Structure formats: structure tokens, C-alpha cells
>>> print(open('query_29.pdb').read())   # PDB, C-alpha atoms
ATOM      1  CA  MET A  10    -127.885  39.421 139.757
ATOM      2  CA  MET A  11    -128.473  38.968 143.449
ATOM      3  CA  LYS A  12    -131.913  39.611 144.808
ATOM      4  CA  SER A  13    -132.386  43.299 145.582
ATOM      5  CA  ILE A  14    -131.884  44.142 149.243
ATOM      6  CA  TRP A  15    -132.980  47.756 149.573
ATOM      7  CA  LEU A  16    -131.729  49.514 152.709
ATOM      8  CA  ASP A  17    -133.371  52.803 153.689
ATOM      9  CA  ILE A  18    -130.321  54.985 154.299
ATOM     10  CA  SER A  19    -132.400  58.070 155.152
ATOM     11  CA  ASP A  20    -132.488  57.122 158.834
ATOM     12  CA  ILE A  21    -128.892  55.842 159.143
ATOM     13  CA  PRO A  22    -126.851  58.080 161.451
ATOM     14  CA  ALA A  23    -123.760  59.881 160.124
ATOM     15  CA  GLU A  24    -121.418  57.412 161.895
ATOM     16  CA  GLY A  25    -123.080  54.553 160.011
ATOM     17  CA  ARG A  26    -124.773  51.295 160.836
ATOM     18  CA  GLU A  27    -123.551  47.681 160.768
ATOM     19  CA  PHE A  28    -125.263  45.015 158.672
ATOM     20  CA  SER A  29    -124.488  41.350 158.005
ATOM     21  CA  PHE A  30    -125.643  39.060 155.236
ATOM     22  CA  ASP A  31    -125.135  35.322 155.664
ATOM     23  CA  ASP A  32    -128.252  33.663 154.253
ATOM     24  CA  GLN A  33    -126.908  31.034 151.791
ATOM     25  CA  ALA A  34    -129.925  31.497 149.505
ATOM     26  CA  VAL A  35    -128.753  35.080 148.917
ATOM     27  CA  TRP A  36    -125.557  33.772 147.293
ATOM     28  CA  ALA A  37    -126.589  30.456 145.732
ATOM     29  CA  GLY A  38    -129.644  31.770 143.877
ATOM     30  CA  PRO A  39    -127.788  34.254 141.651
ATOM     31  CA  ALA A  40    -124.931  31.808 140.963
ATOM     32  CA  ALA A  41    -127.448  29.232 139.697
ATOM     33  CA  ALA A  42    -129.352  31.868 137.707
ATOM     34  CA  PHE A  43    -126.158  32.829 135.868
ATOM     35  CA  GLY A  44    -125.327  29.171 135.206
ATOM     36  CA  MET A  45    -122.126  29.434 137.219
ATOM     37  CA  ASP A  46    -120.570  26.072 138.068
ATOM     38  CA  VAL A  47    -119.898  27.001 141.681
ATOM     39  CA  THR A  48    -120.726  25.258 144.949
ATOM     40  CA  PHE A  49    -120.293  26.740 148.373
ATOM     41  CA  SER A  50    -117.735  24.782 150.411
ATOM     42  CA  ALA A  51    -118.155  27.073 153.428
ATOM     43  CA  PRO A  52    -120.881  29.625 154.134
ATOM     44  CA  MET A  53    -120.576  33.005 152.444
ATOM     45  CA  ALA A  54    -120.949  35.996 154.709
ATOM     46  CA  ALA A  55    -120.656  39.746 154.414
ATOM     47  CA  ALA A  56    -120.167  42.169 157.280
ATOM     48  CA  VAL A  57    -120.689  45.737 156.114
ATOM     49  CA  ARG A  58    -120.984  49.248 157.437
ATOM     50  CA  VAL A  59    -123.154  51.787 155.614
ATOM     51  CA  TRP A  60    -123.058  55.511 156.192
ATOM     52  CA  PRO A  61    -124.805  58.324 154.322
ATOM     53  CA  HIS A  62    -123.173  61.299 152.661
ATOM     54  CA  GLY A  63    -125.178  64.007 150.900
ATOM     55  CA  ARG A  64    -127.536  62.320 148.453
ATOM     56  CA  GLY A  65    -125.619  59.062 148.575
ATOM     57  CA  ALA A  66    -123.985  56.443 150.726
ATOM     58  CA  THR A  67    -120.765  54.552 151.266
ATOM     59  CA  MET A  68    -120.761  50.828 151.903
ATOM     60  CA  ALA A  69    -117.602  49.202 153.193
ATOM     61  CA  GLY A  70    -117.024  45.703 154.456
ATOM     62  CA  ARG A  71    -115.633  42.265 153.985
ATOM     63  CA  LEU A  72    -116.930  39.267 152.060
ATOM     64  CA  THR A  73    -115.720  35.845 153.252
ATOM     65  CA  GLY A  74    -116.432  32.237 152.379
ATOM     66  CA  GLU A  75    -115.215  29.351 150.314
ATOM     67  CA  VAL A  76    -116.371  28.127 146.916
ATOM     68  CA  THR A  77    -115.547  25.106 144.796
ATOM     69  CA  LEU A  78    -115.042  25.719 141.075
ATOM     70  CA  PRO A  79    -113.894  23.435 138.254
ATOM     71  CA  CYS A  80    -110.100  23.447 137.840
ATOM     72  CA  ALA A  81    -108.983  25.478 134.814
ATOM     73  CA  ARG A  82    -106.550  22.700 133.776
ATOM     74  CA  CYS A  83    -108.215  19.384 134.637
ATOM     75  CA  THR A  84    -111.530  17.891 135.757
ATOM     76  CA  ARG A  85    -110.966  17.991 139.513
ATOM     77  CA  PRO A  86    -112.653  20.492 141.850
ATOM     78  CA  ALA A  87    -110.693  23.552 142.963
ATOM     79  CA  VAL A  88    -111.472  24.833 146.466
ATOM     80  CA  CYS A  89    -111.067  28.610 146.587
ATOM     81  CA  PRO A  90    -111.215  30.632 149.797
ATOM     82  CA  LEU A  91    -112.725  34.072 149.274
ATOM     83  CA  ASP A  92    -111.793  37.087 151.345
ATOM     84  CA  GLN A  93    -112.614  40.419 149.710
ATOM     85  CA  GLU A  94    -112.544  43.814 151.406
ATOM     86  CA  PHE A  95    -114.357  46.599 149.606
ATOM     87  CA  GLU A  96    -115.532  50.182 149.869
ATOM     88  CA  ILE A  97    -118.050  51.607 147.407
ATOM     89  CA  SER A  98    -119.432  55.154 147.356
ATOM     90  CA  GLU A  99    -122.550  55.938 145.367
ATOM     91  CA  SER A 100    -124.485  59.135 144.885
ATOM     92  CA  LEU A 101    -127.834  59.908 143.279
ATOM     93  CA  ASP A 102    -126.143  62.866 141.582
ATOM     94  CA  ASP A 103    -123.636  60.644 139.697
ATOM     95  CA  GLU A 104    -124.561  59.526 136.200
ATOM     96  CA  ASP A 105    -123.780  55.908 135.367
ATOM     97  CA  ALA A 106    -123.091  55.005 131.733
ATOM     98  CA  THR A 107    -125.571  52.122 131.962
ATOM     99  CA  GLY A 108    -128.242  54.201 133.659
ATOM    100  CA  GLU A 109    -128.395  51.635 136.474
ATOM    101  CA  SER A 110    -127.563  52.578 140.026
ATOM    102  CA  PRO A 111    -127.723  50.799 143.364
ATOM    103  CA  LEU A 112    -129.359  53.962 144.740
ATOM    104  CA  ARG A 113    -132.895  55.173 144.284
ATOM    105  CA  GLU A 114    -135.074  57.898 145.725
ATOM    106  CA  GLN A 115    -138.542  56.755 146.609
ATOM    107  CA  ASP A 116    -141.214  58.445 148.727
ATOM    108  CA  GLY A 117    -138.696  61.017 149.986
ATOM    109  CA  LYS A 118    -136.269  58.298 151.121
ATOM    110  CA  ILE A 119    -132.937  57.329 149.657
ATOM    111  CA  GLU A 120    -132.450  53.577 149.386
ATOM    112  CA  LEU A 121    -129.319  51.539 148.653
ATOM    113  CA  ASP A 122    -129.471  48.136 146.961
ATOM    114  CA  ALA A 123    -126.966  46.245 149.127
ATOM    115  CA  GLY A 124    -127.655  43.049 147.161
ATOM    116  CA  ALA A 125    -126.327  44.524 143.898
ATOM    117  CA  ILE A 126    -123.119  45.684 145.576
ATOM    118  CA  LEU A 127    -122.583  42.371 147.381
ATOM    119  CA  TRP A 128    -123.099  40.360 144.178
ATOM    120  CA  GLU A 129    -120.611  42.578 142.340
ATOM    121  CA  GLN A 130    -118.044  42.048 145.108
ATOM    122  CA  PHE A 131    -118.677  38.281 145.103
ATOM    123  CA  VAL A 132    -117.972  38.076 141.354
ATOM    124  CA  LEU A 133    -114.830  40.224 141.766
ATOM    125  CA  ALA A 134    -113.604  37.933 144.571
ATOM    126  CA  LEU A 135    -113.775  34.798 142.386
ATOM    127  CA  PRO A 136    -110.380  33.727 141.017
ATOM    128  CA  GLY A 137    -109.771  34.230 137.304
ATOM    129  CA  ARG A 138    -108.294  30.714 136.979
ATOM    130  CA  ALA A 139    -109.156  28.269 139.707
ATOM    131  CA  LEU A 140    -106.585  25.484 140.123
ATOM    132  CA  CYS A 141    -107.060  22.251 142.080
ATOM    133  CA  SER A 142    -103.387  22.546 143.130
ATOM    134  CA  PRO A 143    -100.561  24.912 142.181
ATOM    135  CA  ASP A 144     -98.756  22.074 140.369
ATOM    136  CA  CYS A 145    -101.784  20.720 138.465
ATOM    137  CA  LYS A 146    -100.527  18.996 135.303
ATOM    138  CA  GLY A 147    -103.850  19.291 133.505
ATOM    139  CA  LEU A 148    -105.204  17.058 130.769
ATOM    140  CA  CYS A 149    -103.312  15.525 127.852
ATOM    141  CA  ALA A 150    -104.059  17.603 124.766
ATOM    142  CA  ARG A 151    -104.260  14.470 122.585
ATOM    143  CA  CYS A 152    -106.145  11.829 124.620
ATOM    144  CA  GLY A 153    -107.672  13.909 127.421
ATOM    145  CA  ALA A 154    -106.191  11.819 130.264
ATOM    146  CA  ASP A 155    -105.909  13.585 133.620
ATOM    147  CA  LEU A 156    -102.123  13.766 133.971
ATOM    148  CA  ASN A 157    -102.446  14.232 137.732
ATOM    149  CA  LEU A 158    -103.863  10.724 138.102
ATOM    150  CA  GLU A 159    -102.091   8.667 135.450
ATOM    151  CA  PRO A 160     -99.799   8.963 132.443
ATOM    152  CA  CYS A 161    -101.587   9.371 129.158
ATOM    153  CA  THR A 162    -101.906   6.557 126.622
ATOM    154  CA  CYS A 163    -100.464   8.579 123.727
ATOM    155  CA  GLY A 164     -96.868   7.431 124.170
ATOM    156  CA  ASP A 165     -93.762   9.549 123.934
ATOM    157  CA  GLU A 166     -93.390   9.097 120.165
ATOM    158  CA  ASP A 167     -96.654  10.951 119.513
ATOM    159  CA  GLY A 168     -95.509  14.021 121.381
ATOM    160  CA  ASP A 169     -97.550  17.138 121.951
ATOM    161  CA  PRO A 170     -99.965  17.686 119.030
ATOM    162  CA  ARG A 171     -99.596  21.446 119.450
ATOM    163  CA  LEU A 172     -95.992  21.062 118.259
ATOM    164  CA  ALA A 173     -96.870  19.071 115.111
ATOM    165  CA  ALA A 174     -96.689  22.158 112.902
ATOM    166  CA  LEU A 175     -93.146  22.829 114.075
ATOM    167  CA  ARG A 176     -91.848  19.321 113.263
ATOM    168  CA  GLY A 177     -91.747  19.919 109.506
ATOM    169  CA  LEU A 178     -90.027  23.299 109.650
ATOM    170  CA  THR A 179     -86.446  23.722 108.599
ATOM    171  CA  ILE A 180     -84.560  26.767 109.697
ATOM    172  CA  GLY A 181     -81.796  28.026 107.452
ATOM    173  CA  ARG A 182     -78.567  29.159 109.051
ATOM    174  CA  LYS A 183     -76.372  32.038 108.007
ATOM    175  CA  ASN A 184     -72.665  31.378 107.915
TER     176      ASN A 184
END
>>> encode(input="query_29.pdb", output="C-alpha cells")
Amino acid sequence: MMKSIWLDISDIPAEGREFSFDDQAVWAGPAAAFGMDVTFSAPMAAAVRVWPHGRGATMAGRLTGEVTLPCARCTRPAVCPLDQEFEISESLDDEDATGESPLREQDGKIELDAGAILWEQFVLALPGRALCSPDCKGLCARCGADLNLEPCTCGDEDGDPRLAALRGLTIGRKN
């Protein structure tokens, strides 16, 4: 998880206050800690507005940047622009199933962990399947050759090994 960034929301006016987070260490540290194979192709940044409500707060903003992930089909890097808008409302009165909350009350102040919310939004912004190109051919299932760069050495007669089980089947026909 991202380093905690506790904001004292007790003194934030009702119309809210603007914050920005663009320190690369804020983003790269948690990615490395989770063992994520991600590099930052362009700086990550978050521009947010926080405003209090009752015993809670709302945080809304936009997360932008660019990351490079391994392609889901081959070995080449996939450059993925990130642009995630979000709005999260939290309250001290809400019970979370995990017992964890980005809000805490300490010394008569209510504090919001902006780092936890930003990390959650970063993970949600990552693509489920990163592709180096929309028409990536992937790797040969038999020999592992990158089909984007060269034809595989298997030869046409070998065919796709995933279809081997189907080659011996005979299908009866009804007349």
C-alpha cells in the first residue's frame, strides 16, 4: 500500500481545498513493494479536492500518468496511459467489513489518509490486460517464438498443440 498521507480535514472549509500529489517516490515505492512489474513512462500525478461532511470527507480528483507493463500476449513492453477520475466519500460512522478505513479521529481532529485512496485509484486505473499493440499476435504455444517478430519454427504440419486432442475425434452423423 502507498505510504500514508494523513490530511487533517478538521480545518478544511466546507467548499473544500485543492491538493496535488506528483512525487514519483509516492507511486514507485508501493509498486515495487507489491512486486508489480511496472515502470513509469511518464510522471504520475493526482489533482484532488477534499471537502468535509459531518464526521467524514469526500475526495474527488483525477489521476494521470503513463506506465509500462509486460504485454499479456508476448514479451514486449506495453505502454499504458492512465487517466482515472474518481470521487470517494468516507465517514467515521460507516463500518467497513475489513475494519480498515482511510479516516481516523485523533486528538479531536479527523484525518483522511489520501495515500490509501490514491493507491486504490492507481490500481483500479491499471488495465486488466496490457497489450503492446491491439493486433499483437503473441507467442507460439509450442516453441514460444514471438510471432510479432518472426514466424515460429514449428512448421505448419505441427499445428496448434491446443488442438491435438481434437485431431483424433470422430463425429458421427445422423442421416
>>> resolve_selection(input="query_29.pdb", expression="the PyMOL selection byres ((chain A and resi 129) around 12)", output="ChimeraX atom specification")
/A:10-12,36,39-40,72,93,95-97,111,122-128,130-135
>>> atom_distance(input="query_29.pdb", atom1="atom CA of Ser142 of chain A", atom2="atom CA of Cys80 of chain A")
8.6 Å
>>> resolve_selection(input="query_29.pdb", expression="the PyMOL selection byres ((chain A and resi 61-65) around 6)", output="PyMOL selection string")
chain A and resi 60+66+99-101
>>> axis_aligned_box(input="query_29.pdb", around="segment 12-27 of chain A", padding_each_side="5 Å", output="AutoDock Vina command-line options")
--center_x -127.4 --center_y 49.7 --center_z 153.4 --size_x 22.0 --size_y 30.3 --size_z 27.1
>>> resolve_selection(input="query_29.pdb", expression="the PyMOL selection byres ((chain A and resi 141) around 9)", output="ChimeraX atom specification")
/A:78-89,139-140,142-145
>>> atom_distance(input="query_29.pdb", atom1="atom CA of Gly70 of chain A", atom2="atom CA of Phe30 of chain A")
10.9 Å
>>> closest_residue(input="query_29.pdb", among="A:Ser19, A:Ile14, A:Ala150, A:Ala55", to="Lys118 of chain A", atoms="only C-alpha atoms")
A:Ser19
>>> closest_residue(input="query_29.pdb", among="A:Pro90, A:Pro22, A:Leu158, A:Arg113", to="Thr48 of chain A", atoms="all atoms listed in the file")
A:Pro90
>>> atom_distance(input="query_29.pdb", atom1="atom CA of Gly25 of chain A", atom2="atom CA of Val57 of chain A")
9.9 Å
>>> residues_around(input="query_29.pdb", residues="Ala154 of chain A", least_positions_apart="6", cutoff="10 Å", atoms="all atoms listed in the file", output="PyMOL selection string")
chain A and resi 83-84+147-148+160-163
>>> closest_residue(input="query_29.pdb", among="A:Asp92, A:Asp17, A:Asp155, A:Glu114", to="Ala56 of chain A", atoms="all atoms listed in the file")
A:Asp92
>>> build_atoms(input="query_29.pdb", residues="segment 107-122 of chain A", atoms="N, CA, C and O atoms", output="PDB file, in the frame of the given file")
ATOM      1  N   THR A 107    -124.515  53.088 132.245  1.00  0.00           N
ATOM      2  CA  THR A 107    -125.571  52.122 131.962  1.00  0.00           C
ATOM      3  C   THR A 107    -126.940  52.626 132.388  1.00  0.00           C
ATOM      4  O   THR A 107    -127.949  52.040 132.039  1.00  0.00           O
ATOM      5  N   GLY A 108    -126.974  53.692 133.165  1.00  0.00           N
ATOM      6  CA  GLY A 108    -128.242  54.201 133.659  1.00  0.00           C
ATOM      7  C   GLY A 108    -128.738  53.450 134.881  1.00  0.00           C
ATOM      8  O   GLY A 108    -129.764  53.788 135.445  1.00  0.00           O
ATOM      9  N   GLU A 109    -128.012  52.400 135.296  1.00  0.00           N
ATOM     10  CA  GLU A 109    -128.395  51.635 136.474  1.00  0.00           C
ATOM     11  C   GLU A 109    -127.594  52.127 137.669  1.00  0.00           C
ATOM     12  O   GLU A 109    -126.430  52.471 137.553  1.00  0.00           O
ATOM     13  N   SER A 110    -128.235  52.130 138.816  1.00  0.00           N
ATOM     14  CA  SER A 110    -127.563  52.578 140.026  1.00  0.00           C
ATOM     15  C   SER A 110    -128.090  51.773 141.206  1.00  0.00           C
ATOM     16  O   SER A 110    -129.262  51.402 141.228  1.00  0.00           O
ATOM     17  N   PRO A 111    -127.232  51.490 142.174  1.00  0.00           N
ATOM     18  CA  PRO A 111    -127.723  50.799 143.364  1.00  0.00           C
ATOM     19  C   PRO A 111    -128.440  51.742 144.338  1.00  0.00           C
ATOM     20  O   PRO A 111    -128.817  51.341 145.416  1.00  0.00           O
ATOM     21  N   LEU A 112    -128.628  52.994 143.925  1.00  0.00           N
ATOM     22  CA  LEU A 112    -129.359  53.962 144.740  1.00  0.00           C
ATOM     23  C   LEU A 112    -130.646  54.363 144.041  1.00  0.00           C
ATOM     24  O   LEU A 112    -130.699  54.433 142.816  1.00  0.00           O
ATOM     25  N   ARG A 113    -131.656  54.636 144.840  1.00  0.00           N
ATOM     26  CA  ARG A 113    -132.895  55.173 144.284  1.00  0.00           C
ATOM     27  C   ARG A 113    -133.529  56.080 145.328  1.00  0.00           C
ATOM     28  O   ARG A 113    -133.300  55.928 146.527  1.00  0.00           O
ATOM     29  N   GLU A 114    -134.315  57.014 144.837  1.00  0.00           N
ATOM     30  CA  GLU A 114    -135.074  57.898 145.725  1.00  0.00           C
ATOM     31  C   GLU A 114    -136.536  57.537 145.549  1.00  0.00           C
ATOM     32  O   GLU A 114    -137.052  57.518 144.431  1.00  0.00           O
ATOM     33  N   GLN A 115    -137.162  57.208 146.665  1.00  0.00           N
ATOM     34  CA  GLN A 115    -138.542  56.755 146.609  1.00  0.00           C
ATOM     35  C   GLN A 115    -139.277  57.255 147.846  1.00  0.00           C
ATOM     36  O   GLN A 115    -138.826  57.032 148.972  1.00  0.00           O
ATOM     37  N   ASP A 116    -140.388  57.914 147.633  1.00  0.00           N
ATOM     38  CA  ASP A 116    -141.214  58.445 148.727  1.00  0.00           C
ATOM     39  C   ASP A 116    -140.399  59.298 149.688  1.00  0.00           C
ATOM     40  O   ASP A 116    -140.546  59.201 150.911  1.00  0.00           O
ATOM     41  N   GLY A 117    -139.499  60.123 149.153  1.00  0.00           N
ATOM     42  CA  GLY A 117    -138.696  61.017 149.986  1.00  0.00           C
ATOM     43  C   GLY A 117    -137.564  60.332 150.730  1.00  0.00           C
ATOM     44  O   GLY A 117    -136.880  60.943 151.532  1.00  0.00           O
ATOM     45  N   LYS A 118    -137.345  59.039 150.475  1.00  0.00           N
ATOM     46  CA  LYS A 118    -136.269  58.298 151.121  1.00  0.00           C
ATOM     47  C   LYS A 118    -135.222  57.921 150.077  1.00  0.00           C
ATOM     48  O   LYS A 118    -135.536  57.719 148.908  1.00  0.00           O
ATOM     49  N   ILE A 119    -134.000  57.817 150.524  1.00  0.00           N
ATOM     50  CA  ILE A 119    -132.937  57.329 149.657  1.00  0.00           C
ATOM     51  C   ILE A 119    -132.646  55.900 150.087  1.00  0.00           C
ATOM     52  O   ILE A 119    -132.435  55.621 151.259  1.00  0.00           O
ATOM     53  N   GLU A 120    -132.669  54.994 149.097  1.00  0.00           N
ATOM     54  CA  GLU A 120    -132.450  53.577 149.386  1.00  0.00           C
ATOM     55  C   GLU A 120    -131.245  53.068 148.604  1.00  0.00           C
ATOM     56  O   GLU A 120    -130.992  53.478 147.479  1.00  0.00           O
ATOM     57  N   LEU A 121    -130.513  52.156 149.234  1.00  0.00           N
ATOM     58  CA  LEU A 121    -129.319  51.539 148.653  1.00  0.00           C
ATOM     59  C   LEU A 121    -129.589  50.058 148.446  1.00  0.00           C
ATOM     60  O   LEU A 121    -130.030  49.374 149.374  1.00  0.00           O
ATOM     61  N   ASP A 122    -129.306  49.562 147.241  1.00  0.00           N
ATOM     62  CA  ASP A 122    -129.471  48.136 146.961  1.00  0.00           C
ATOM     63  C   ASP A 122    -128.191  47.414 147.361  1.00  0.00           C
ATOM     64  O   ASP A 122    -127.250  47.288 146.579  1.00  0.00           O
TER      65      ASP A 122
END
